[in-house]
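K.L.:
One file: protein.tsv (TSV, C-alpha atoms).
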```tsv
chain	number	residue	atom	x	y	z
R	7	MET	CA	-1.33	13.12	17.65
R	8	SER	CA	-0.08	14.70	20.84
R	9	ALA	CA	3.63	14.70	21.33
R	10	PRO	CA	4.56	13.33	24.74
R	11	ASN	CA	5.68	15.93	27.20
R	12	LEU	CA	9.13	14.78	28.22
R	13	LYS	CA	9.35	17.50	30.84
R	14	GLU	CA	6.66	15.73	32.86
R	15	LEU	CA	9.06	12.88	33.45
R	16	PRO	CA	11.05	13.02	36.66
R	17	GLY	CA	14.79	13.34	36.14
R	18	PHE	CA	14.62	12.95	32.37
R	19	PRO	CA	18.15	12.98	30.88
R	20	GLY	CA	18.10	15.37	28.00
R	21	ASN	CA	19.02	18.81	26.85
R	22	GLU	CA	17.13	21.57	25.05
R	23	GLU	CA	17.13	19.48	21.87
R	24	GLY	CA	15.62	16.34	23.35
R	25	PRO	CA	16.57	13.14	25.10
R	26	VAL	CA	20.14	12.00	25.51
R	27	PHE	CA	20.86	8.30	25.20
R	28	SER	CA	24.06	6.58	26.12
R	29	GLU	CA	23.34	3.25	24.40
R	30	PRO	CA	21.13	2.18	21.51
R	31	TRP	CA	18.86	-0.03	23.65
R	32	GLU	CA	17.92	3.07	25.62
R	33	ALA	CA	16.64	4.70	22.45
R	34	GLN	CA	14.72	1.51	21.59
R	35	ALA	CA	13.07	1.47	25.03
R	36	PHE	CA	12.25	5.15	24.64
R	37	ALA	CA	10.78	4.62	21.17
R	38	LEU	CA	8.67	1.66	22.34
R	39	THR	CA	7.20	3.80	25.10
R	40	VAL	CA	6.40	6.71	22.81
R	41	ALA	CA	4.92	4.37	20.18
R	42	MET	CA	2.68	2.64	22.73
R	43	HIS	CA	1.47	5.99	23.98
R	44	GLU	CA	0.76	7.15	20.44
R	45	LYS	CA	-1.21	3.93	19.93
R	46	GLY	CA	-3.35	4.86	22.93
R	47	LEU	CA	-2.21	1.98	25.12
R	48	PHE	CA	-1.69	4.27	28.08
R	49	GLU	CA	-1.93	7.88	29.12
R	50	TRP	CA	1.31	9.80	29.33
R	51	ALA	CA	0.42	10.86	32.88
R	52	ASP	CA	0.11	7.18	33.88
R	53	TRP	CA	3.50	6.52	32.38
R	54	ALA	CA	5.04	9.45	34.25
R	55	GLN	CA	3.50	8.18	37.48
R	56	THR	CA	4.73	4.60	36.99
R	57	LEU	CA	8.22	5.77	36.11
R	58	GLY	CA	8.28	8.12	39.08
R	59	ALA	CA	7.29	5.29	41.44
R	60	VAL	CA	10.01	2.99	40.10
R	61	ILE	CA	12.62	5.73	40.44
R	62	ALA	CA	11.47	6.52	43.98
R	63	ALA	CA	11.67	2.86	44.98
R	64	ASP	CA	15.15	2.30	43.56
R	65	LYS	CA	17.78	1.77	46.20
R	66	SER	CA	20.53	0.31	44.05
R	67	GLY	CA	21.42	3.40	42.03
R	68	ARG	CA	20.60	1.91	38.66
R	69	SER	CA	20.80	4.06	35.52
R	70	TYR	CA	17.83	6.11	34.37
R	71	TYR	CA	16.99	3.86	31.46
R	72	GLU	CA	17.34	0.67	33.50
R	73	LEU	CA	14.60	2.12	35.68
R	74	TRP	CA	12.73	3.25	32.57
R	75	LEU	CA	12.73	-0.30	31.22
R	76	GLU	CA	11.52	-1.73	34.50
R	77	ALA	CA	8.72	0.85	34.59
R	78	LEU	CA	7.74	-0.04	31.02
R	79	GLU	CA	7.64	-3.76	31.86
R	80	THR	CA	5.53	-2.94	34.92
R	81	LEU	CA	3.04	-0.81	33.02
R	82	ILE	CA	2.75	-3.35	30.20
R	83	THR	CA	1.91	-6.22	32.53
R	84	GLU	CA	-0.27	-4.15	34.88
R	85	ASN	CA	-2.35	-3.01	31.93
R	86	SER	CA	-2.43	-6.62	30.67
R	87	VAL	CA	-0.95	-5.62	27.33
R	88	LEU	CA	1.33	-8.62	27.69
R	89	GLY	CA	1.34	-11.47	30.23
R	90	THR	CA	4.29	-12.02	32.53
R	91	GLU	CA	4.68	-15.62	31.38
R	92	GLU	CA	4.87	-14.82	27.70
R	93	VAL	CA	7.39	-12.07	28.42
R	94	SER	CA	9.54	-14.46	30.42
R	95	ALA	CA	9.29	-17.21	27.76
R	96	ARG	CA	10.20	-14.79	24.99
R	97	LYS	CA	13.22	-13.51	26.86
R	98	THR	CA	14.48	-17.08	27.26
R	99	ALA	CA	13.95	-17.68	23.55
R	100	TRP	CA	15.97	-14.60	22.63
R	101	ARG	CA	18.76	-15.53	25.03
R	102	GLU	CA	19.02	-18.97	23.42
R	103	ALA	CA	18.93	-17.43	19.95
R	104	VAL	CA	21.79	-15.10	20.83
R	105	GLN	CA	23.85	-17.93	22.28
R	106	ARG	CA	23.54	-20.18	19.27
R	107	THR	CA	24.18	-17.41	16.76
R	108	PRO	CA	27.78	-17.00	15.61
R	109	HIS	CA	29.07	-13.48	15.83
R	110	GLY	CA	28.37	-11.64	12.62
R	111	GLN	CA	25.18	-13.51	11.76
R	112	PRO	CA	21.67	-12.09	12.09
R	113	ILE	CA	20.02	-13.22	15.33
R	114	VAL	CA	16.63	-14.85	14.78
R	115	LEU	CA	14.26	-16.80	16.98
R	116	ALA	CA	13.86	-20.55	16.40
R	117	GLY	CA	10.87	-21.18	14.18
R	118	SER	CA	10.59	-17.56	13.15
R	119	SER	CA	9.80	-16.89	9.54
R	120	GLY	CA	12.92	-14.80	9.24
R	121	GLN	CA	15.21	-17.71	9.96
R	122	GLN	CA	17.95	-18.25	7.42
N	18	MET	CA	35.07	-3.73	-9.33
N	19	SER	CA	37.53	-4.19	-6.53
N	20	THR	CA	36.13	-5.19	-3.19
N	21	SER	CA	38.32	-5.86	-0.22
N	22	LYS	CA	36.85	-7.26	2.90
N	23	SER	CA	38.23	-8.05	6.28
N	24	SER	CA	36.29	-10.47	8.41
N	25	GLU	CA	37.93	-11.94	11.42
N	26	HIS	CA	35.26	-12.89	13.86
N	27	SER	CA	37.01	-14.32	16.85
N	28	HIS	CA	34.01	-14.30	19.18
N	29	SER	CA	32.31	-17.66	19.04
N	30	HIS	CA	28.82	-16.31	19.52
N	31	SER	CA	26.94	-13.08	19.76
N	32	HIS	CA	26.32	-11.19	22.94
N	33	TRP	CA	23.48	-9.03	24.19
N	34	SER	CA	23.27	-7.44	27.60
N	35	ASP	CA	20.32	-8.19	29.86
N	36	MET	CA	18.91	-4.78	28.94
N	37	GLU	CA	19.18	-5.50	25.23
N	38	LEU	CA	17.44	-8.87	25.75
N	39	ARG	CA	14.59	-7.27	27.69
N	40	VAL	CA	14.02	-4.51	25.16
N	41	LYS	CA	14.11	-6.97	22.27
N	42	THR	CA	11.63	-9.19	24.15
N	43	LEU	CA	9.09	-6.41	24.58
N	44	GLU	CA	9.59	-5.08	21.08
N	45	SER	CA	9.13	-8.43	19.35
N	46	LEU	CA	5.97	-9.29	21.32
N	47	LEU	CA	4.41	-5.85	20.90
N	48	VAL	CA	5.12	-5.86	17.17
N	49	GLU	CA	3.73	-9.40	16.73
N	50	LYS	CA	0.51	-8.48	18.48
N	51	GLY	CA	0.13	-5.40	16.38
N	52	TYR	CA	0.40	-2.98	19.31
N	53	VAL	CA	3.40	-1.31	17.82
N	54	ASP	CA	4.28	-0.70	14.20
N	55	PRO	CA	7.99	-1.33	13.58
N	56	LYS	CA	7.98	1.52	11.05
N	57	ALA	CA	6.68	3.87	13.74
N	58	LEU	CA	9.54	2.77	15.98
N	59	ASP	CA	12.01	3.48	13.21
N	60	VAL	CA	10.57	6.93	12.72
N	61	ILE	CA	10.76	7.74	16.43
N	62	VAL	CA	14.36	6.56	16.69
N	63	GLU	CA	15.38	8.37	13.54
N	64	THR	CA	13.67	11.55	14.70
N	65	TYR	CA	15.57	11.52	17.93
N	66	GLU	CA	18.86	10.10	16.74
N	67	THR	CA	19.45	13.13	14.56
N	68	LYS	CA	19.29	15.16	17.73
N	69	VAL	CA	21.10	12.84	20.07
N	70	GLY	CA	23.91	11.55	17.90
N	71	PRO	CA	26.89	12.62	19.98
N	72	ARG	CA	28.55	14.08	16.91
N	73	ASN	CA	31.81	12.96	18.43
N	74	GLY	CA	32.88	11.34	15.19
N	75	ALA	CA	32.25	14.58	13.30
N	76	MET	CA	34.71	16.36	15.57
N	77	VAL	CA	37.28	13.63	14.92
N	78	VAL	CA	36.86	13.98	11.16
N	79	ALA	CA	36.97	17.79	11.26
N	80	LYS	CA	40.20	17.68	13.26
N	81	ALA	CA	41.68	15.11	10.87
N	82	TRP	CA	40.90	17.46	7.99
N	83	SER	CA	42.50	20.50	9.57
N	84	ASP	CA	45.37	19.10	11.65
N	85	PRO	CA	47.89	16.90	9.78
N	86	ASP	CA	49.59	15.87	13.02
N	87	TYR	CA	46.28	14.67	14.41
N	88	LEU	CA	45.56	12.76	11.21
N	89	GLU	CA	48.90	11.02	11.56
N	90	ARG	CA	48.10	10.07	15.16
N	91	LEU	CA	44.73	8.72	13.99
N	92	ARG	CA	46.55	6.55	11.46
N	93	GLN	CA	48.99	5.24	14.05
N	94	ASP	CA	46.51	4.57	16.86
N	95	THR	CA	42.94	5.54	16.11
N	96	THR	CA	41.54	4.54	19.50
N	97	ALA	CA	44.07	6.66	21.37
N	98	ALA	CA	43.66	9.63	19.05
N	99	ILE	CA	39.89	9.56	19.49
N	100	ALA	CA	40.34	9.32	23.24
N	101	GLU	CA	42.43	12.52	23.07
N	102	LEU	CA	39.18	14.34	22.35
N	103	GLY	CA	37.58	12.79	25.40
N	104	PHE	CA	35.57	10.17	23.54
N	105	ILE	CA	36.06	6.80	25.16
N	106	GLY	CA	34.42	3.68	23.81
N	107	ARG	CA	33.53	0.61	25.73
N	108	GLN	CA	36.35	-1.54	26.97
N	109	GLY	CA	38.09	-3.43	24.21
N	110	GLU	CA	36.67	-1.28	21.47
N	111	HIS	CA	39.40	-0.72	18.95
N	112	MET	CA	38.89	1.69	16.13
N	113	ARG	CA	40.67	2.21	12.89
N	114	ILE	CA	40.21	4.92	10.32
N	115	VAL	CA	39.86	4.23	6.62
N	116	GLU	CA	40.49	7.24	4.42
N	117	ASN	CA	38.61	8.09	1.27
N	118	GLN	CA	40.83	9.32	-1.53
N	119	PRO	CA	40.33	10.23	-5.15
N	120	GLY	CA	39.42	6.89	-6.74
N	121	VAL	CA	38.88	5.05	-3.43
N	122	HIS	CA	35.67	4.99	-1.42
N	123	ASN	CA	35.30	3.11	1.87
N	124	MET	CA	32.12	1.77	3.41
N	125	VAL	CA	31.52	-0.13	6.65
N	126	VAL	CA	29.09	-2.92	7.45
N	127	CYS	CA	28.22	-5.01	10.47
N	128	THR	CA	25.26	-7.06	11.65
N	129	LEU	CA	23.04	-7.33	14.67
N	130	CYS	CA	25.85	-7.50	17.14
N	131	SER	CA	27.06	-4.54	19.08
N	132	CYS	CA	29.71	-3.75	16.50
N	133	TYR	CA	28.64	-0.18	15.93
N	134	PRO	CA	30.91	2.44	17.51
N	135	TRP	CA	28.00	4.40	18.91
N	136	SER	CA	30.15	6.28	21.39
N	137	VAL	CA	31.68	7.96	18.35
N	138	LEU	CA	28.87	7.84	15.79
N	139	GLY	CA	25.74	8.02	17.89
N	140	LEU	CA	22.90	5.59	17.32
N	141	PRO	CA	23.07	3.27	14.34
N	142	PRO	CA	20.45	3.79	11.66
N	143	VAL	CA	17.84	1.06	11.54
N	144	TRP	CA	18.83	-0.17	8.08
N	145	TYR	CA	22.45	-0.60	9.15
N	146	LYS	CA	21.52	-3.68	11.16
N	147	SER	CA	19.38	-5.27	8.49
N	148	ALA	CA	20.50	-8.54	6.96
N	149	PRO	CA	19.92	-7.30	3.39
N	150	TYR	CA	22.16	-4.29	3.91
N	151	ARG	CA	24.97	-6.41	5.25
N	152	SER	CA	24.89	-9.11	2.63
N	153	ARG	CA	24.35	-6.78	-0.29
N	154	ALA	CA	26.92	-4.25	0.90
N	155	VAL	CA	29.48	-7.00	0.55
N	156	SER	CA	28.24	-8.54	-2.70
N	157	GLU	CA	27.14	-5.44	-4.61
N	158	PRO	CA	28.33	-2.30	-2.79
N	159	ARG	CA	28.01	-0.09	-5.85
N	160	ALA	CA	24.31	-0.89	-6.18
N	161	VAL	CA	23.70	-0.35	-2.47
N	162	LEU	CA	25.46	3.03	-2.55
N	163	SER	CA	23.46	3.96	-5.60
N	164	GLU	CA	20.26	3.30	-3.66
N	165	PHE	CA	21.53	5.69	-1.01
N	166	GLY	CA	21.88	8.28	-3.74
N	167	LEU	CA	25.63	7.96	-3.94
N	168	GLU	CA	26.70	7.38	-7.52
N	169	LEU	CA	30.38	6.59	-7.82
N	170	GLY	CA	32.17	6.46	-11.13
N	171	GLU	CA	33.33	3.09	-12.40
N	172	ASP	CA	36.90	4.23	-11.88
N	173	THR	CA	36.33	4.59	-8.13
N	174	LYS	CA	37.19	1.49	-6.17
N	175	ILE	CA	34.93	0.57	-3.27
N	176	ALA	CA	36.49	-1.01	-0.18
N	177	VAL	CA	34.02	-2.72	2.15
N	178	TRP	CA	35.10	-3.09	5.78
N	179	ASP	CA	33.43	-5.67	7.96
N	180	SER	CA	33.19	-4.30	11.47
N	181	THR	CA	33.69	-6.82	14.26
N	182	ALA	CA	33.50	-6.86	18.03
N	183	GLU	CA	37.26	-6.28	18.08
N	184	MET	CA	37.68	-3.74	15.30
N	185	ARG	CA	35.39	-0.96	14.25
N	186	TYR	CA	36.00	1.40	11.39
N	187	LEU	CA	35.52	5.12	10.96
N	188	VAL	CA	35.51	6.47	7.43
N	189	ILE	CA	37.37	9.74	6.99
N	190	PRO	CA	35.64	11.26	3.97
N	191	GLN	CA	37.40	13.66	1.65
N	192	ARG	CA	37.28	17.26	2.79
N	193	PRO	CA	34.72	19.22	0.76
N	194	VAL	CA	36.06	21.91	-1.54
N	195	ASP	CA	35.81	25.61	-0.73
N	196	THR	CA	36.32	25.09	3.00
N	197	ASP	CA	39.92	26.29	3.19
N	198	ASN	CA	39.50	28.84	5.95
N	199	TRP	CA	36.93	26.96	8.00
N	200	ASP	CA	37.60	26.14	11.63
N	201	GLU	CA	36.97	22.68	13.09
N	202	THR	CA	33.60	23.52	14.58
N	203	ARG	CA	32.28	24.68	11.24
N	204	LEU	CA	33.87	21.78	9.39
N	205	ALA	CA	32.22	19.33	11.80
N	206	GLU	CA	28.82	20.58	10.67
N	207	LEU	CA	29.57	19.16	7.23
N	208	VAL	CA	30.22	15.67	8.55
N	209	THR	CA	27.12	13.49	8.39
N	210	ARG	CA	26.76	10.16	10.10
N	211	ASP	CA	26.36	8.43	6.76
N	212	SER	CA	29.61	9.95	5.51
N	213	MET	CA	31.41	8.30	8.44
N	214	ILE	CA	29.87	4.91	7.59
N	215	GLY	CA	30.59	5.42	3.92
N	216	THR	CA	27.00	5.35	2.67
N	217	GLY	CA	27.08	9.07	2.00
N	218	LEU	CA	29.34	12.06	1.48
N	219	PRO	CA	29.81	15.11	3.69
N	220	LEU	CA	27.62	18.10	2.97
N	221	SER	CA	29.07	20.61	0.56
N	222	ALA	CA	30.15	24.04	1.75
N	223	SER	CA	27.18	25.71	0.10
N	224	GLU	CA	24.72	23.45	1.91
N	225	ILE	CA	25.41	24.98	5.31
N	226	SER	CA	26.79	28.42	4.54
N	227	ALA	CA	23.40	29.53	3.27
```
Rewrite the coordinates I just gave you, this time as structure tokens.
P.N.:
Amino acid sequence: MSAPNLKELPGFPGNEEGPVFSEPWEAQAFALTVAMHEKGLFEWADWAQTLGAVIAADKSGRSYYELWLEALETLITENSVLGTEEVSARKTAWREAVQRTPHGQPIVLAGSSGQQ
Amino acid sequence: MSTSKSSEHSHSHSHWSDMELRVKTLESLLVEKGYVDPKALDVIVETYETKVGPRNGAMVVAKAWSDPDYLERLRQDTTAAIAELGFIGRQGEHMRIVENQPGVHNMVVCTLCSCYPWSVLGLPPVWYKSAPYRSRAVSEPRAVLSEFGLELGEDTKIAVWDSTAEMRYLVIPQRPVDTDNWDETRLAELVTRDSMIGTGLPLSASEISA
């Protein structure tokens, strides 16, 4: 298994020890990307190119990992790993699940087997 | 067994940011379709979190161990004392320390909400957010700690603190023996993330002086 070369990524926020995250979701987005690459769903060079294009097109000064997430969504739908409609439907389902879940309870999707 | 628990959840429902929603959306779909193994995700996060954990909390603990005035300020106003070191949480994040003592061990739980003080402790471990950890930490903390390899004598009381959106806890573990002349930087190396959640103890002096 080839470890992804983080230095290929434009503007990658990290130090000599590795990436630096400022919030947990950033680490989750990072891990998803690395896991998909390890699974052979895309070449690391393609990822670097997609991310670079999103960063270059950004005019609103969003954070690095906001752009990272957008690039990941772009690559996933462009490569037809997931469809845009199912992504949008799932996001709505999660939003509703969060809203109906009292603070302190595990958040689960309606109809999911993990529902309590 | 004595278990105290504070649980005042004043928020009516949970909250995720748009970013958290989008990441969770991709993750759940990719896992369902078998493109991504959740265990592989855990491994990747754990691999990196050991490197990226800000270690801010370790500095707080090390200073509490070596500076009695600082410890007193932590007791009076934890959030402000942590901010003294330049570590600022998100708005409205109030912290409180709970101190381990001979015969008293503290541990902290929370659930899927953003109740983890990651600006101080770095990224939460994957198991910390699991429903079984939360429910069992409250109902049978001694067994849970035992599974983490932490065997406490029956004479040690375990206090379980339920972290909320309004109040997060930082465990100040007991200072390891044989560290009398250590400076704060060296002491901080002994402070593990798990020891600040209460699911572990700090390293012993011999574990890092080798």
K.L.:
Which polymer residues have any atom within 8 Å of an atom of range 93-100 of chain N, counting only C-alpha atoms, with same-chain residues fewer than 2 positions away left out, as an MDAnalysis selection string?
P.N.:
chainID N and resid 77 87 89:91 102:105 110:114
K.L.:
Keeping only C-alpha atoms, write the selected residues to a file as a compact mmCIF listing (two decimals), keeping the file's coordinate frame.
P.N.:
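So the final result, stored in out-v8.txt, reads:
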```txt
# COMPACT_ATOMS: atom_id res chain seq x y z
CA VAL N 77 37.28 13.63 14.92
CA TYR N 87 46.28 14.67 14.41
CA GLU N 89 48.90 11.02 11.56
CA ARG N 90 48.10 10.07 15.16
CA LEU N 91 44.73 8.72 13.99
CA LEU N 102 39.18 14.34 22.35
CA GLY N 103 37.58 12.79 25.40
CA PHE N 104 35.57 10.17 23.54
CA ILE N 105 36.06 6.80 25.16
CA GLU N 110 36.67 -1.28 21.47
CA HIS N 111 39.40 -0.72 18.95
CA MET N 112 38.89 1.69 16.13
CA ARG N 113 40.67 2.21 12.89
CA ILE N 114 40.21 4.92 10.32
```
K.L.:
So which residues are close to (20.2, -12.1, 24.2), meaning at most 8 Å away in the file's coordinates with all atoms listed in the file counted, and can you show them as a PDB file with C-alpha atoms, in the coordinates of the input?
P.N.:
```
ATOM      1  CA  LYS R  97      13.220 -13.510  26.860  1.00  0.00           C
ATOM      2  CA  TRP R 100      15.970 -14.600  22.630  1.00  0.00           C
ATOM      3  CA  ARG R 101      18.760 -15.530  25.030  1.00  0.00           C
ATOM      4  CA  GLU R 102      19.020 -18.970  23.420  1.00  0.00           C
ATOM      5  CA  ALA R 103      18.930 -17.430  19.950  1.00  0.00           C
ATOM      6  CA  VAL R 104      21.790 -15.100  20.830  1.00  0.00           C
ATOM      7  CA  GLN R 105      23.850 -17.930  22.280  1.00  0.00           C
TER       8      GLN R 105
ATOM      9  CA  HIS N  32      26.320 -11.190  22.940  1.00  0.00           C
ATOM     10  CA  TRP N  33      23.480  -9.030  24.190  1.00  0.00           C
ATOM     11  CA  SER N  34      23.270  -7.440  27.600  1.00  0.00           C
ATOM     12  CA  ASP N  35      20.320  -8.190  29.860  1.00  0.00           C
ATOM     13  CA  GLU N  37      19.180  -5.500  25.230  1.00  0.00           C
ATOM     14  CA  LEU N  38      17.440  -8.870  25.750  1.00  0.00           C
TER      15      LEU N  38
END
```
K.L.:
One decimal, Å: what's the distance from CA of Ala57 in chain N over to CA of Ala41 in chain R, could you say?
P.N.:
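So the answer is 6.7 Å.
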K.L.:
Could you work out how far CA of Val53 in chain N lies from CA of Met42 in chain R, giving the answer in Å with one decimal?
P.N.:
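CA of Met42 in chain R sits 6.3 Å away from CA of Val53 in chain N.
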K.L.:
Using only C-alpha atoms, which of R:Pro108, R:Val87, R:Thr80, R:Gly17 sits nearest Ala62 in chain R?
P.N.:
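Of R:Pro108, R:Val87, R:Thr80, R:Gly17, the one nearest Ala62 in chain R is R:Gly17, counting only C-alpha atoms.
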K.L.:
For CA of Pro190 in chain N and CA of Pro85 in chain N, quote the distance in Å rounded to one decimal.
P.N.:
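Taking CA of Pro190 in chain N and CA of Pro85 in chain N, their separation equals 14.7 Å.
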K.L.:
Can you work out which one of N:Pro158, N:Ser180, N:Arg153, N:Val115 has the shortest atom-to-atom distance to chain R, counting only C-alpha atoms?
P.N.:
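Selected residue with least distance to chain R: N:Ser180.
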K.L.:
Would you mind telling me which residue in N:Pro142, N:Gly74, N:Pro55, N:Gly170 lies nearest to Gly120 in chain N when using all atoms listed in the file?
P.N.:
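Answer, going by the shortest atom-to-atom distance: N:Gly170.
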K.L.:
Quick one: residues within 12 Å of Glu164 in chain N, all atoms listed in the file counted, chain neighbours fewer than 4 positions away excluded, as an MDAnalysis selection string?
P.N.:
chainID N and resid 150 153:154 157:160 168:169 216:217
K.L.:
Out of R:Ser86, R:Ser66, R:Ala51, R:Glu72, which residue has the shortest atom-to-atom distance to chain N when counting all atoms listed in the file?
P.N.:
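For chain N, the nearest of the candidates is R:Glu72.
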K.L.:
What are the residues of chain R that have an atom within 10 Å of an atom of chain N, counting all atoms listed in the file, as a ChimeraX atom specification?
P.N.:
/R:20-47,71-72,75-76,78-79,82,87-88,92-101,103-114
K.L.:
Pick the closest to Ile61 in chain R from R:Leu73, R:Pro10, R:Asn85, R:Leu15: which is it, counting only C-alpha atoms?
P.N.:
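For Ile61 in chain R, the nearest of the given residues is R:Leu73.
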K.L.:
What's around Glu14 in chain R at 12 Å? Count all atoms listed in the file, leave out sequence neighbours fewer than 4 positions away in its own chain, and write the answer as a ChimeraX atom specification.
P.N.:
/R:9-10,18-19,50-55,57-58
K.L.:
Would you compute the box with edges along x, y and z of the file around range 73-84 of chain R, including every atom the file lists for it and 3 Å extra on each side, and give its centre and edge lengths in Å to one decimal, as JSON?
P.N.:
```
{"center_x": 7.2, "center_y": -1.5, "center_z": 32.9, "size_x": 20.9, "size_y": 15.5, "size_z": 11.5}
```
K.L.:
Please return range 44-68 of chain N, rebuilt to N, CA and C atoms, as a short mmCIF file (atom, residue, chain, number, x, y, z; two decimals), in the coordinates of the input.
P.N.:
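Okay, this is what ended up in selection35.cif:
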```
data_model
loop_
_atom_site.label_atom_id
_atom_site.label_comp_id
_atom_site.auth_asym_id
_atom_site.auth_seq_id
_atom_site.Cartn_x
_atom_site.Cartn_y
_atom_site.Cartn_z
N GLU N 44 9.82 -5.56 22.44
CA GLU N 44 9.59 -5.08 21.08
C GLU N 44 9.01 -6.17 20.19
N SER N 45 9.60 -7.38 20.26
CA SER N 45 9.13 -8.43 19.35
C SER N 45 7.69 -8.84 19.66
N LEU N 46 7.34 -8.91 20.96
CA LEU N 46 5.97 -9.29 21.32
C LEU N 46 4.97 -8.19 20.92
N LEU N 47 5.33 -6.95 21.19
CA LEU N 47 4.41 -5.85 20.90
C LEU N 47 4.20 -5.71 19.38
N VAL N 48 5.25 -5.94 18.62
CA VAL N 48 5.12 -5.86 17.17
C VAL N 48 4.25 -7.00 16.66
N GLU N 49 4.51 -8.23 17.16
CA GLU N 49 3.73 -9.40 16.73
C GLU N 49 2.24 -9.22 16.97
N LYS N 50 1.92 -8.64 18.12
CA LYS N 50 0.51 -8.48 18.48
C LYS N 50 -0.12 -7.26 17.84
N GLY N 51 0.68 -6.53 17.09
CA GLY N 51 0.13 -5.40 16.38
C GLY N 51 -0.05 -4.15 17.24
N TYR N 52 0.53 -4.16 18.45
CA TYR N 52 0.40 -2.98 19.31
C TYR N 52 1.32 -1.86 18.85
N VAL N 53 2.40 -2.29 18.23
CA VAL N 53 3.40 -1.31 17.82
C VAL N 53 3.81 -1.60 16.38
N ASP N 54 3.86 -0.57 15.59
CA ASP N 54 4.28 -0.70 14.20
C ASP N 54 5.80 -0.48 14.13
N PRO N 55 6.52 -1.50 13.62
CA PRO N 55 7.99 -1.33 13.58
C PRO N 55 8.41 -0.08 12.81
N LYS N 56 7.63 0.30 11.80
CA LYS N 56 7.98 1.52 11.05
C LYS N 56 7.85 2.76 11.93
N ALA N 57 6.85 2.74 12.83
CA ALA N 57 6.68 3.87 13.74
C ALA N 57 7.87 3.95 14.68
N LEU N 58 8.36 2.78 15.12
CA LEU N 58 9.54 2.77 15.98
C LEU N 58 10.74 3.37 15.25
N ASP N 59 10.90 2.95 13.99
CA ASP N 59 12.01 3.48 13.21
C ASP N 59 11.94 5.00 13.11
N VAL N 60 10.73 5.48 12.88
CA VAL N 60 10.57 6.93 12.72
C VAL N 60 10.93 7.65 14.02
N ILE N 61 10.47 7.10 15.14
CA ILE N 61 10.76 7.74 16.43
C ILE N 61 12.27 7.76 16.67
N VAL N 62 12.90 6.61 16.46
CA VAL N 62 14.36 6.56 16.69
C VAL N 62 15.09 7.50 15.75
N GLU N 63 14.69 7.50 14.50
CA GLU N 63 15.38 8.37 13.54
C GLU N 63 15.17 9.84 13.88
N THR N 64 13.96 10.17 14.32
CA THR N 64 13.67 11.55 14.70
C THR N 64 14.59 12.01 15.81
N TYR N 65 14.76 11.12 16.79
CA TYR N 65 15.57 11.52 17.93
C TYR N 65 17.05 11.33 17.69
N GLU N 66 17.43 10.35 16.88
CA GLU N 66 18.86 10.10 16.74
C GLU N 66 19.57 11.26 16.05
N THR N 67 18.82 11.98 15.20
CA THR N 67 19.45 13.13 14.56
C THR N 67 19.78 14.20 15.59
N LYS N 68 19.02 14.17 16.68
CA LYS N 68 19.29 15.16 17.73
C LYS N 68 20.31 14.65 18.73
#
```
